[in-house]
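Working notes, beginning with the structure itself.
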Amino acid sequence: MKVLLLGVGMQGKAALHDLVHSQEVTKVVVADRDFEALKAHVESKPYGDKVRCEYVDAASAEHINNLMEQGAEVAIDLLPPSFHDHVVAAAVKHGIHLVNASYTTPKMKRLAGEAKARDITILPEFGMDPGIDLVLLGEAVRSLDHIEEITTYGAGFPEPESANNPLKYKMTWIFEGVLKSYLRAGRVIRDGQVIEIKDTEMFHPENIHELEIEGLGRLEAFPNGDALQYADLLGVEKSGLRNMGRYVLRWPGHCAFWKTIVDLHLLDNEPVMVDDVAVDRKGFLAAAIEPHIQYRDNERDVVVVRVDVKGRQGREKKHAIYQVIDRRDLETGFTAMSRTVGYTTSIGALMIGTGKITKRGVLSPINDIPYESFAQELRKRGIRITSELATCEESQDAT
């Protein structure tokens with residue numbers, strides 16, 4: 001199979017590595033705006049003629065269409081989210097299956113019927129978070145007969161010995177993207193009530209809780225967008241839920257620091273005028289901080305994906321826990337974030353291209369991914385899912 005990979009940044013390099021080492025893939029066309037850096041990266045690897053480099057200006061519909069016309073069976077889109085809509089439109093137009101790691105957009109939903117009619121699979125939300133978390137969530141919910149609580153966590157952060165800066169955080173994706181996610185409204189269910197969380201309130205103490213992860217220690221959790229949007233996909237009635245939420249994990253103290261930054265309006269969307277020059281606040285902070293929060297070659301990050309679902313199986317109260325903990329591979333240099341995002345998108349493309357995923361239209365990782373096949377593919381790459389189903393009384397220490 002021939003694969004088109006758009007965007008070869010931190011996660012894209014891991015996807016490329018995985019595709020090249022797949023026997024099912026005969027050719028990978030990789031495209032990025034920084035063509036010289038892309039070419040240098042590919043030439044530094046033993047990829048041979050299995051990989052061809054192309055320049056792409058993602059803002060150009062002509063560029064995207066020219067790449068789509070080159071006969072790939074599946075495309076992986078790891079470009080910035082602002083380009084996803086016209087990439088998916090081009091994929092449907094040219095009859096190419098598509099995988100990305102970002103949230104489903106309204107335009108993608110509108111294209112679902114046309115994609116299905118053209119026998120095309122569009123698989124968004126298939127990275128780490130969203131992605132692995134949603135696959136685990138669907139499997140956990142299906143393991144119980146009645147659902148009362150749903151809590152999911154997705155996070156990437158340094159190992160304790162690598163958390164050696166004031167933020168206790170280092171970069172595994174674009175830091176400006178991290179800052180954008182730190183000013184984000186959300187919805188959770190708390191004690192049976194729907195709670196609307198304003199974008200400026202995600203770091204408020206009432207929206208934060210702590211979680212003990214075996215082998216890592218105590219972490220703090222803060223809201224990660226709208227959890228309730230997934231209830232319908234899960235077939236769960238929101239009014240019957242006592243608690244539901246999606247959360248990010250960080251080392252203790254992270255939330256207090258960023259609450260101060262938010263309260264000082266340093267993440268506001270409106271630019272600030274400095275000497276008659278409009279300065280983007282997040283862009284400035286990212287440029288100022290980013291050089292000081294890089295991983296050294298011998299330092300590792302940790303990715304945690306965890307799903308906690310409580311409910312009933314028959315008459316018994318049960319607690320299902322599905323979890324992935326991954327660390328940077330110092331041999332390849334790929335961070336845990338790159339592995340869990342890049343490898344996952346590659347797995348998605350391979351599962352579509354080899355017929356393990358046959359459903360057409362716009363899919364959801366919650367319902368449309370064969371769990372055992374996906375778990376097996378992760379295991380091949382050294383990423384392991386652990387799971388347990390216990391009575392609630394037995395599982396109190398785990399929560």
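Naming works like this for the structure tokens: A, B, ... for the chains as they're shown, residue 1 at the start of each chain, ligands 1 onward in shown order.
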- Message: as a PyMOL selection string, please: the residues near region 239-253 of chain A (cut-off 8 Å, only C-alpha atoms, same-chain neighbours under 6 positions excluded).
- Response: chain A and resi 147-157+168-169+187-193+218-228
- Item | Which of region 39-201 of chain A DSSP labels strand (DSSP E or B), written as a ChimeraX atom specification | /A:51-55,74-77,97-100,121-123,127-128,131,146-158,186-190,193-197
- Find the residues near Phe35 (chain A): any atom within 7 Å, counting only C-alpha atoms, skip ones fewer than 3 places away on the same chain, and give them as a list of chain:residue names.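 So, after excluding close chain neighbours, the residues are A:Asp32, A:Leu38, A:Lys39, A:Glu54, A:Tyr55.
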- Message: Could you list, as a ChimeraX atom specification, every residue within 7 Å of Gly361 (chain A), counting only C-alpha atoms and ignoring same-chain residues fewer than 3 positions away?
- Response: /A:112-113,115-116,120-122
Can you pull out the residues contacting Leu137 (chain A)? Cut-off 8 Å, using only C-alpha atoms, and skip same-chain residues under 2 positions away; I want them as a PDB file with N, CA and C atoms, in the first residue's frame.
```pdb
ATOM      1  N   ASP A 133      -7.348   6.984  24.253  1.00  0.00           N
ATOM      2  CA  ASP A 133      -8.308   7.115  25.353  1.00  0.00           C
ATOM      3  C   ASP A 133      -9.721   6.744  24.931  1.00  0.00           C
ATOM      4  N   LEU A 134     -10.099   7.108  23.706  1.00  0.00           N
ATOM      5  CA  LEU A 134     -11.462   6.835  23.241  1.00  0.00           C
ATOM      6  C   LEU A 134     -11.663   5.348  22.941  1.00  0.00           C
ATOM      7  N   VAL A 135     -10.644   4.700  22.390  1.00  0.00           N
ATOM      8  CA  VAL A 135     -10.736   3.251  22.161  1.00  0.00           C
ATOM      9  C   VAL A 135     -10.904   2.531  23.496  1.00  0.00           C
ATOM     10  N   GLU A 139     -14.295   0.354  25.048  1.00  0.00           N
ATOM     11  CA  GLU A 139     -14.178  -1.019  25.546  1.00  0.00           C
ATOM     12  C   GLU A 139     -14.579  -1.111  27.016  1.00  0.00           C
ATOM     13  N   ALA A 140     -14.188  -0.123  27.821  1.00  0.00           N
ATOM     14  CA  ALA A 140     -14.533  -0.134  29.241  1.00  0.00           C
ATOM     15  C   ALA A 140     -16.044  -0.041  29.450  1.00  0.00           C
ATOM     16  N   VAL A 141     -16.694   0.844  28.713  1.00  0.00           N
ATOM     17  CA  VAL A 141     -18.143   1.005  28.845  1.00  0.00           C
ATOM     18  C   VAL A 141     -18.866  -0.270  28.413  1.00  0.00           C
ATOM     19  N   THR A 152     -11.863  10.002  32.351  1.00  0.00           N
ATOM     20  CA  THR A 152     -10.714   9.656  31.517  1.00  0.00           C
ATOM     21  C   THR A 152      -9.600  10.678  31.721  1.00  0.00           C
ATOM     22  N   VAL A 307      -8.599   5.256  31.794  1.00  0.00           N
ATOM     23  CA  VAL A 307     -10.056   5.310  31.737  1.00  0.00           C
ATOM     24  C   VAL A 307     -10.599   4.611  32.980  1.00  0.00           C
ATOM     25  N   TYR A 322      -8.847   0.885  32.536  1.00  0.00           N
ATOM     26  CA  TYR A 322      -7.966   0.598  31.396  1.00  0.00           C
ATOM     27  C   TYR A 322      -6.888   1.670  31.374  1.00  0.00           C
ATOM     28  N   ILE A 366     -14.354   5.379  19.494  1.00  0.00           N
ATOM     29  CA  ILE A 366     -15.138   4.770  20.570  1.00  0.00           C
ATOM     30  C   ILE A 366     -15.805   3.480  20.119  1.00  0.00           C
TER      31      ILE A 366
END
```
- Query: Which residues, written as an NGL selection string, have at least one atom at most 9 Å from Tyr295 (chain A), with only C-alpha atoms counted and residues fewer than 5 positions away on the same chain left out?
  - Reply: :A and (158 or 162 or 170-172 or 300-301)
- Message: I'd like the contact shell of Ile385 (chain A) - 9 Å cut-off, only C-alpha atoms, skipping same-chain residues fewer than 2 positions apart - returned as number ranges by chain.
- Response: A: 136, 322-325, 375, 378-379, 383, 387
- Query: Which of these, A:Ala61, A:Val178, A:Ala390, A:Leu330, has the shortest distance to Gly283 (chain A) once you count only C-alpha atoms?
  - Reply: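 Checking each candidate against Gly283 (chain A), we get A:Val178 as the closest.
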- Choose the residue, out of A:Glu210, A:His146, A:Gly71, A:Lys198, that has the smallest atom-to-atom separation from Arg315 (chain A); count only C-alpha atoms.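 When distances to Arg315 (chain A) are compared using only C-alpha atoms, the smallest one comes from A:His146.
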